[in-house]
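To be precise, the following lines are coords-v8.cif, and they hold mmCIF, C-alpha atoms and all ligand atoms.
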data_upload
#
loop_
_atom_site.group_PDB
_atom_site.id
_atom_site.type_symbol
_atom_site.label_atom_id
_atom_site.label_comp_id
_atom_site.auth_asym_id
_atom_site.auth_seq_id
_atom_site.Cartn_x
_atom_site.Cartn_y
_atom_site.Cartn_z
ATOM 1 C CA MET A 1 -3.309 29.027 -0.824
ATOM 2 C CA ASN A 2 -3.753 28.760 -4.609
ATOM 3 C CA ILE A 3 -2.641 31.755 -6.626
ATOM 4 C CA THR A 4 -5.825 32.584 -8.496
ATOM 5 C CA GLY A 5 -6.402 34.662 -11.618
ATOM 6 C CA ILE A 6 -8.097 37.396 -9.599
ATOM 7 C CA MET A 7 -5.020 37.593 -7.337
ATOM 8 C CA ILE A 8 -2.820 38.176 -10.382
ATOM 9 C CA TYR A 9 -5.298 40.837 -11.555
ATOM 10 C CA TYR A 10 -5.241 42.627 -8.189
ATOM 11 C CA TYR A 11 -1.419 42.337 -7.992
ATOM 12 C CA PHE A 12 -1.128 44.530 -11.071
ATOM 13 C CA ILE A 13 -3.729 46.999 -9.793
ATOM 14 C CA CYS A 14 -2.652 47.487 -6.167
ATOM 15 C CA LYS A 15 -0.805 45.303 -3.650
ATOM 16 C CA LYS A 16 -2.883 46.736 -0.804
ATOM 17 C CA LYS A 17 -6.081 45.643 -2.577
ATOM 18 C CA LEU A 18 -4.538 42.218 -3.045
ATOM 19 C CA TRP A 19 -3.587 42.048 0.642
ATOM 20 C CA TYR A 20 -7.200 42.871 1.668
ATOM 21 C CA PHE A 21 -8.463 40.202 -0.724
ATOM 22 C CA ILE A 22 -5.987 37.544 0.520
ATOM 23 C CA ASN A 23 -7.048 38.326 4.075
ATOM 24 C CA GLN A 24 -10.708 37.921 3.121
ATOM 25 C CA ILE A 25 -11.628 41.532 3.733
ATOM 26 C CA ASN A 26 -14.188 41.734 0.969
ATOM 27 C CA MET A 27 -16.108 44.885 0.132
ATOM 28 C CA GLU A 28 -16.879 44.136 -3.507
ATOM 29 C CA GLN A 29 -20.611 43.800 -2.826
ATOM 30 C CA ASN A 30 -20.661 47.551 -2.095
ATOM 31 C CA SER A 31 -19.145 48.486 -5.393
ATOM 32 C CA GLU A 32 -21.435 49.803 -8.086
ATOM 33 C CA LEU A 33 -18.753 49.077 -10.679
ATOM 34 C CA VAL A 34 -18.733 45.416 -9.713
ATOM 35 C CA ALA A 35 -22.522 45.347 -10.073
ATOM 36 C CA ILE A 36 -22.191 46.817 -13.581
ATOM 37 C CA GLY A 37 -19.519 44.190 -14.323
ATOM 38 C CA LYS A 38 -21.904 41.415 -13.266
ATOM 39 C CA ILE A 39 -24.707 42.740 -15.472
ATOM 40 C CA LEU A 40 -22.264 43.019 -18.360
ATOM 41 C CA ASP A 41 -21.099 39.491 -17.711
ATOM 42 C CA GLU A 42 -24.662 38.157 -17.720
ATOM 43 C CA ASP A 43 -25.688 40.034 -20.861
ATOM 44 C CA SER A 44 -22.583 39.569 -23.032
ATOM 45 C CA TYR A 45 -21.835 36.491 -25.088
ATOM 46 C CA LYS A 46 -24.966 34.684 -23.869
ATOM 47 C CA LYS A 47 -24.516 31.853 -26.331
ATOM 48 C CA GLU A 48 -21.000 30.924 -25.179
ATOM 49 C CA LYS A 49 -20.222 28.431 -22.470
ATOM 50 C CA LYS A 50 -19.262 30.594 -19.534
ATOM 51 C CA GLU A 51 -17.187 30.621 -16.368
ATOM 52 C CA ILE A 52 -14.985 27.574 -16.643
ATOM 53 C CA LEU A 53 -13.399 27.068 -13.239
ATOM 54 C CA ILE A 54 -10.205 24.995 -13.255
ATOM 55 C CA ASP A 55 -8.713 23.665 -9.982
ATOM 56 C CA ASN A 56 -10.542 26.409 -8.078
ATOM 57 C CA THR A 57 -7.687 28.579 -9.360
ATOM 58 C CA ILE A 58 -8.439 30.055 -12.743
ATOM 59 C CA ASN A 59 -11.915 31.045 -13.887
ATOM 60 C CA ILE A 60 -12.062 31.493 -17.644
ATOM 61 C CA ASP A 61 -14.996 33.561 -18.922
ATOM 62 C CA PHE A 62 -15.463 31.273 -21.910
ATOM 63 C CA ILE A 63 -13.562 29.116 -24.394
ATOM 64 C CA LYS A 64 -14.272 29.288 -28.106
ATOM 65 C CA ASN A 65 -13.143 27.354 -31.170
ATOM 66 C CA GLY A 66 -11.324 24.639 -29.270
ATOM 67 C CA ALA A 67 -8.633 26.400 -27.283
ATOM 68 C CA VAL A 68 -9.132 30.152 -27.474
ATOM 69 C CA LEU A 69 -9.594 31.531 -23.958
ATOM 70 C CA HIS A 70 -11.741 34.627 -23.637
ATOM 71 C CA GLU A 71 -11.780 37.160 -20.822
ATOM 72 C CA VAL A 72 -14.493 39.831 -20.873
ATOM 73 C CA LYS A 73 -13.641 43.292 -19.519
ATOM 74 C CA LYS A 74 -15.772 46.381 -19.136
ATOM 75 C CA THR A 75 -13.170 49.049 -19.853
ATOM 76 C CA LYS A 76 -9.494 49.444 -20.676
ATOM 77 C CA SER A 77 -8.826 51.644 -17.620
ATOM 78 C CA ILE A 78 -6.803 48.896 -15.917
ATOM 79 C CA GLU A 79 -5.995 47.051 -19.105
ATOM 80 C CA GLU A 80 -2.518 45.881 -18.057
ATOM 81 C CA ALA A 81 -3.946 43.942 -15.095
ATOM 82 C CA GLY A 82 -6.509 42.233 -17.350
ATOM 83 C CA ILE A 83 -3.789 41.254 -19.813
ATOM 84 C CA TRP A 84 -1.667 39.704 -17.048
ATOM 85 C CA GLN A 85 -4.688 37.858 -15.682
ATOM 86 C CA ILE A 86 -5.275 36.092 -18.987
ATOM 87 C CA LYS A 87 -1.536 35.539 -19.508
ATOM 88 C CA TYR A 88 -1.593 33.778 -16.149
ATOM 89 C CA TYR A 89 -4.406 31.510 -17.386
ATOM 90 C CA MET A 90 -2.218 30.587 -20.369
ATOM 91 C CA TYR A 91 0.822 30.086 -18.114
ATOM 92 C CA TYR A 92 -1.187 27.952 -15.679
ATOM 93 C CA LEU A 93 -2.610 25.729 -18.415
ATOM 94 C CA GLU A 94 0.845 25.375 -19.985
ATOM 95 C CA LYS A 95 2.120 24.050 -16.655
ATOM 96 C CA LYS A 96 -0.633 21.466 -16.911
ATOM 97 C CA GLU A 97 0.744 20.522 -20.341
ATOM 98 C CA VAL A 98 -2.095 22.052 -22.344
ATOM 99 C CA LYS A 99 -0.547 22.957 -25.707
ATOM 100 C CA ASN A 100 -1.158 25.707 -28.296
ATOM 101 C CA ILE A 101 -3.273 27.928 -26.087
ATOM 102 C CA LYS A 102 -4.538 31.143 -27.609
ATOM 103 C CA ALA A 103 -6.297 33.938 -25.770
ATOM 104 C CA LYS A 104 -8.312 37.095 -26.334
ATOM 105 C CA ILE A 105 -9.719 39.872 -24.209
ATOM 106 C CA ASP A 106 -13.152 41.092 -25.273
ATOM 107 C CA TYR A 107 -14.339 44.620 -24.523
ATOM 108 C CA PRO A 108 -18.036 44.358 -25.491
ATOM 109 C CA LEU A 109 -18.833 47.964 -24.569
ATOM 110 C CA LEU A 110 -16.035 49.155 -26.869
ATOM 111 C CA ARG A 111 -16.754 46.470 -29.497
ATOM 112 C CA GLU A 112 -13.068 45.514 -29.453
ATOM 113 C CA THR A 113 -11.076 42.315 -29.059
ATOM 114 C CA LYS A 114 -7.382 42.065 -28.243
ATOM 115 C CA GLU A 115 -5.272 39.000 -28.979
ATOM 116 C CA ILE A 116 -2.921 37.976 -26.147
ATOM 117 C CA ILE A 117 0.455 36.282 -26.577
ATOM 118 C CA LEU A 118 2.467 34.657 -23.776
ATOM 119 C CA SER A 119 6.203 35.211 -24.365
ATOM 120 C CA ASP A 120 9.222 33.751 -22.578
ATOM 121 C CA SER A 121 9.806 37.045 -20.789
ATOM 122 C CA ASP A 122 6.138 36.998 -19.654
ATOM 123 C CA ARG A 123 6.697 33.533 -18.197
ATOM 124 C CA LYS A 124 9.650 34.894 -16.191
ATOM 125 C CA VAL A 125 7.602 37.880 -14.990
ATOM 126 C CA LEU A 126 4.846 35.519 -13.832
ATOM 127 C CA ASP A 127 7.382 33.320 -12.003
ATOM 128 C CA ASP A 128 8.466 36.444 -10.063
ATOM 129 C CA VAL A 129 4.899 37.650 -9.499
ATOM 130 C CA ILE A 130 3.928 34.273 -8.011
ATOM 131 C CA GLN A 131 6.887 34.457 -5.610
ATOM 132 C CA ASP A 132 5.914 37.998 -4.636
ATOM 133 C CA ILE A 133 2.294 36.985 -3.991
ATOM 134 C CA GLU A 134 3.457 34.018 -1.897
ATOM 135 C CA LYS A 135 5.438 36.460 0.260
ATOM 136 C CA LEU A 136 2.423 38.760 0.533
ATOM 137 C CA ILE A 137 0.236 35.849 1.697
ATOM 138 C CA ASN A 138 2.489 35.521 4.766
ATOM 139 C CA GLU A 139 2.901 39.254 5.271
ATOM 140 C CA GLU A 140 1.194 40.670 8.354
ATOM 141 C CA SER A 141 1.629 44.345 7.612
ATOM 142 C CA ILE A 142 -0.589 45.969 5.008
ATOM 143 C CA PRO A 143 1.107 47.415 1.895
ATOM 144 C CA LYS A 144 0.934 51.185 1.389
ATOM 145 C CA LYS A 145 -1.937 52.825 -0.472
ATOM 146 C CA ILE A 146 -1.113 53.858 -4.005
ATOM 147 C CA ASN A 147 -2.765 57.306 -4.193
ATOM 148 C CA SER A 148 -3.911 56.726 -7.741
ATOM 149 C CA LYS A 149 -6.945 57.993 -9.641
ATOM 150 C CA ILE A 150 -8.218 54.391 -9.705
ATOM 151 C CA CYS A 151 -8.630 54.530 -5.888
ATOM 152 C CA LYS A 152 -11.853 56.539 -6.248
ATOM 153 C CA LYS A 153 -13.441 53.594 -8.069
ATOM 154 C CA CYS A 154 -12.046 50.936 -5.708
ATOM 155 C CA SER A 155 -14.382 49.147 -3.308
ATOM 156 C CA TYR A 156 -11.751 49.544 -0.557
ATOM 157 C CA TYR A 157 -11.657 53.337 -0.890
ATOM 158 C CA ASP A 158 -13.340 53.947 2.469
ATOM 159 C CA LEU A 159 -10.924 51.598 4.228
ATOM 160 C CA CYS A 160 -7.909 53.348 2.718
ATOM 161 C CA TYR A 161 -8.900 56.994 2.788
ATOM 162 C CA VAL A 162 -11.793 57.714 5.191
HETATM 163 S S1 LIG A 201 -8.336 52.439 -2.576
HETATM 164 FE FE1 LIG A 201 -6.429 52.559 -3.783
HETATM 165 S S2 LIG A 201 -4.821 52.072 -2.295
HETATM 166 FE FE2 LIG A 201 -6.746 51.371 -1.423
HETATM 167 S S3 LIG A 201 -6.905 49.241 -2.019
HETATM 168 FE FE3 LIG A 201 -8.009 50.420 -3.541
HETATM 169 S S4 LIG A 201 -6.561 50.813 -5.175
HETATM 170 FE FE4 LIG A 201 -5.384 50.179 -3.366
#
Same coordinates, now as structure tokens:
Amino acid sequence: MNITGIMIYYYFICKKKLWYFINQINMEQNSELVAIGKILDEDSYKKEKKEILIDNTINIDFIKNGAVLHEVKKTKSIEEAGIWQIKYYMYYLEKKEVKNIKAKIDYPLLRETKEIILSDSDRKVLDDVIQDIEKLINEESIPKKINSKICKKCSYYDLCYV
């Protein structure tokens, strides 16, 4: 199984969510937040070339000015996960010998942009994260729920708590 950008994103949100996703238990269509995300995605940055899928593994929202990757996010509520997702895109492209990659996260609703840097320590973190996800792919038991305020907005809430 390829380690995709969305898997890295879920890893930093909740390992249980990631486990559901890996095991193709998908409830995203029920989530109002995902619907809002799709509308946002369709309406923002209409002029840019969008959704560049590479190796069925990373799906870049758009690329501007040569080699600046852009990821569009609705809010900063799970900002860390979004940052690691785009760092993974940079890491993945580096492994494919793409040089001088720059990246930004755009928050159109907040009218903000954040520049993202991939450091050596980030590369080491991502090496470890990939190993962890590979273990989780073969794991039969479901990780524990995280009892976080983000659970109320998660599409798997009913599976975890009801
Ligand atoms: S509801 Fe909470 S514990 Fe369950 S998958 Fe979502 S984020 Fe994880």
Item to check | Selection as a VMD selection string: residues within 9 Å of ligand LIG 201 (chain A) by only C-alpha atoms and all ligand atoms | outcome: chain A and resid 10 13 to 20 143 to 161
At most 9 Å is the cut-off: for each residue in stretch 64-91 of chain A with any atom that close to an atom of stretch 98-120 of chain A, write down the nearest atom pair and the distance in Å rounded to one decimal, counting all atoms listed in the file, chain first then increasing number, as a Markdown table.
| residue | atom | partner | partner_atom | distance |
| --- | --- | --- | --- | --- |
| A:Ala67 | CA | A:Ile101 | CA | 5.7 |
| A:Val68 | CA | A:Lys102 | CA | 4.7 |
| A:Leu69 | CA | A:Ala103 | CA | 4.5 |
| A:His70 | CA | A:Lys104 | CA | 5.0 |
| A:Glu71 | CA | A:Ile105 | CA | 4.8 |
| A:Val72 | CA | A:Asp106 | CA | 4.8 |
| A:Lys73 | CA | A:Tyr107 | CA | 5.2 |
| A:Lys74 | CA | A:Tyr107 | CA | 5.8 |
| A:Thr75 | CA | A:Tyr107 | CA | 6.5 |
| A:Lys76 | CA | A:Tyr107 | CA | 7.8 |
| A:Gly82 | CA | A:Ile105 | CA | 7.9 |
| A:Ile83 | CA | A:Ile116 | CA | 7.2 |
| A:Ile86 | CA | A:Ala103 | CA | 7.2 |
| A:Lys87 | CA | A:Leu118 | CA | 5.9 |
| A:Tyr88 | CA | A:Leu118 | CA | 8.7 |
| A:Tyr89 | CA | A:Ala103 | CA | 8.9 |
| A:Met90 | CA | A:Ile101 | CA | 6.4 |
| A:Tyr91 | CA | A:Leu118 | CA | 7.5 |
Next on the checklist: Just the number, please: distance in Å from atom CA of A:Thr57 to atom CA of A:Asn2, one decimal.
Outcome noted: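 Straight-line distance from atom CA of A:Thr57 to atom CA of A:Asn2 works out to 6.2 Å.
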Next on the checklist: Report, in Å to a single decimal, how far apart atom CA of A:Phe62 and atom CA of A:Lys50 are.
Outcome noted: 4.5 Å
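Rounded to one decimal, atom CA of A:Ile58 and atom CA of A:Asp132 lie 18.3 Å from each other.
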Checklist entry - What do you get, as a ChimeraX atom specification, if you spell out every residue that the PyMOL selection byres (((chain A and resi 55) around 12) and not hetatm) selects here? => result /A:1-5,52-54,56-60,89,92-93,96
Could you complete stretch 52-63 of chain A so that it carries all heavy atoms, and give it back as a short mmCIF file (atom, residue, chain, number, x, y, z; two decimals), in the frame of the given file?
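Okay, this is what ended up in out_27.cif:
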data_model
loop_
_atom_site.label_atom_id
_atom_site.label_comp_id
_atom_site.auth_asym_id
_atom_site.auth_seq_id
_atom_site.Cartn_x
_atom_site.Cartn_y
_atom_site.Cartn_z
N ILE A 52 -15.57 28.90 -16.77
CA ILE A 52 -14.98 27.57 -16.64
C ILE A 52 -13.94 27.63 -15.54
O ILE A 52 -12.89 28.25 -15.70
CB ILE A 52 -14.37 27.13 -17.99
CG1 ILE A 52 -15.49 27.10 -19.03
CG2 ILE A 52 -13.71 25.76 -17.89
CD1 ILE A 52 -15.09 27.66 -20.34
N LEU A 53 -14.28 27.02 -14.41
CA LEU A 53 -13.40 27.07 -13.24
C LEU A 53 -12.49 25.84 -13.25
O LEU A 53 -12.95 24.71 -13.33
CB LEU A 53 -14.25 27.09 -11.96
CG LEU A 53 -13.51 27.18 -10.64
CD1 LEU A 53 -12.74 28.50 -10.52
CD2 LEU A 53 -14.48 27.05 -9.47
N ILE A 54 -11.16 26.10 -13.22
CA ILE A 54 -10.20 25.00 -13.26
C ILE A 54 -9.41 24.97 -11.95
O ILE A 54 -8.78 25.98 -11.59
CB ILE A 54 -9.26 25.14 -14.48
CG1 ILE A 54 -10.10 25.08 -15.77
CG2 ILE A 54 -8.18 24.06 -14.48
CD1 ILE A 54 -9.37 25.41 -17.02
N ASP A 55 -9.46 23.86 -11.24
CA ASP A 55 -8.71 23.66 -9.98
C ASP A 55 -9.05 24.72 -8.92
O ASP A 55 -8.19 25.04 -8.08
CB ASP A 55 -7.19 23.72 -10.22
CG ASP A 55 -6.71 22.62 -11.14
OD1 ASP A 55 -7.46 21.66 -11.35
OD2 ASP A 55 -5.58 22.74 -11.64
N ASN A 56 -10.23 25.32 -9.00
CA ASN A 56 -10.54 26.41 -8.08
C ASN A 56 -9.51 27.52 -8.15
O ASN A 56 -9.28 28.24 -7.17
CB ASN A 56 -10.64 25.92 -6.64
CG ASN A 56 -12.05 25.63 -6.24
OD1 ASN A 56 -12.98 26.20 -6.80
ND2 ASN A 56 -12.20 24.72 -5.30
N THR A 57 -8.83 27.66 -9.27
CA THR A 57 -7.69 28.58 -9.36
C THR A 57 -7.86 29.59 -10.48
O THR A 57 -7.67 30.78 -10.28
CB THR A 57 -6.39 27.76 -9.58
OG1 THR A 57 -6.22 26.92 -8.46
CG2 THR A 57 -5.18 28.66 -9.73
N ILE A 58 -8.20 29.10 -11.66
CA ILE A 58 -8.44 30.06 -12.74
C ILE A 58 -9.88 29.89 -13.22
O ILE A 58 -10.40 28.78 -13.27
CB ILE A 58 -7.42 29.91 -13.91
CG1 ILE A 58 -7.50 28.54 -14.57
CG2 ILE A 58 -6.01 30.21 -13.43
CD1 ILE A 58 -6.70 28.45 -15.86
N ASN A 59 -10.50 31.03 -13.52
CA ASN A 59 -11.92 31.04 -13.89
C ASN A 59 -12.05 31.74 -15.23
O ASN A 59 -12.09 32.96 -15.32
CB ASN A 59 -12.69 31.79 -12.78
CG ASN A 59 -14.18 31.58 -12.90
OD1 ASN A 59 -14.65 30.86 -13.78
ND2 ASN A 59 -14.94 32.21 -12.03
N ILE A 60 -12.08 30.94 -16.28
CA ILE A 60 -12.06 31.49 -17.64
C ILE A 60 -13.48 31.88 -18.04
O ILE A 60 -14.43 31.11 -17.83
CB ILE A 60 -11.49 30.43 -18.61
CG1 ILE A 60 -10.05 30.11 -18.20
CG2 ILE A 60 -11.56 30.91 -20.06
CD1 ILE A 60 -9.53 28.80 -18.76
N ASP A 61 -13.65 33.09 -18.58
CA ASP A 61 -15.00 33.56 -18.92
C ASP A 61 -15.66 32.63 -19.93
O ASP A 61 -16.79 32.24 -19.75
CB ASP A 61 -14.96 35.00 -19.44
CG ASP A 61 -14.80 36.00 -18.29
OD1 ASP A 61 -15.00 35.58 -17.13
OD2 ASP A 61 -14.50 37.16 -18.54
N PHE A 62 -14.97 32.33 -21.02
CA PHE A 62 -15.46 31.27 -21.91
C PHE A 62 -14.34 30.84 -22.84
O PHE A 62 -13.32 31.51 -22.98
CB PHE A 62 -16.73 31.67 -22.69
CG PHE A 62 -16.62 32.82 -23.63
CD1 PHE A 62 -16.29 32.62 -24.97
CD2 PHE A 62 -16.88 34.11 -23.20
CE1 PHE A 62 -16.21 33.69 -25.85
CE2 PHE A 62 -16.81 35.19 -24.08
CZ PHE A 62 -16.47 34.97 -25.40
N ILE A 63 -14.55 29.66 -23.46
CA ILE A 63 -13.56 29.12 -24.39
C ILE A 63 -14.27 28.90 -25.72
O ILE A 63 -15.37 28.33 -25.76
CB ILE A 63 -12.97 27.78 -23.87
CG1 ILE A 63 -12.24 28.01 -22.55
CG2 ILE A 63 -12.03 27.15 -24.91
CD1 ILE A 63 -11.64 26.76 -21.93
#
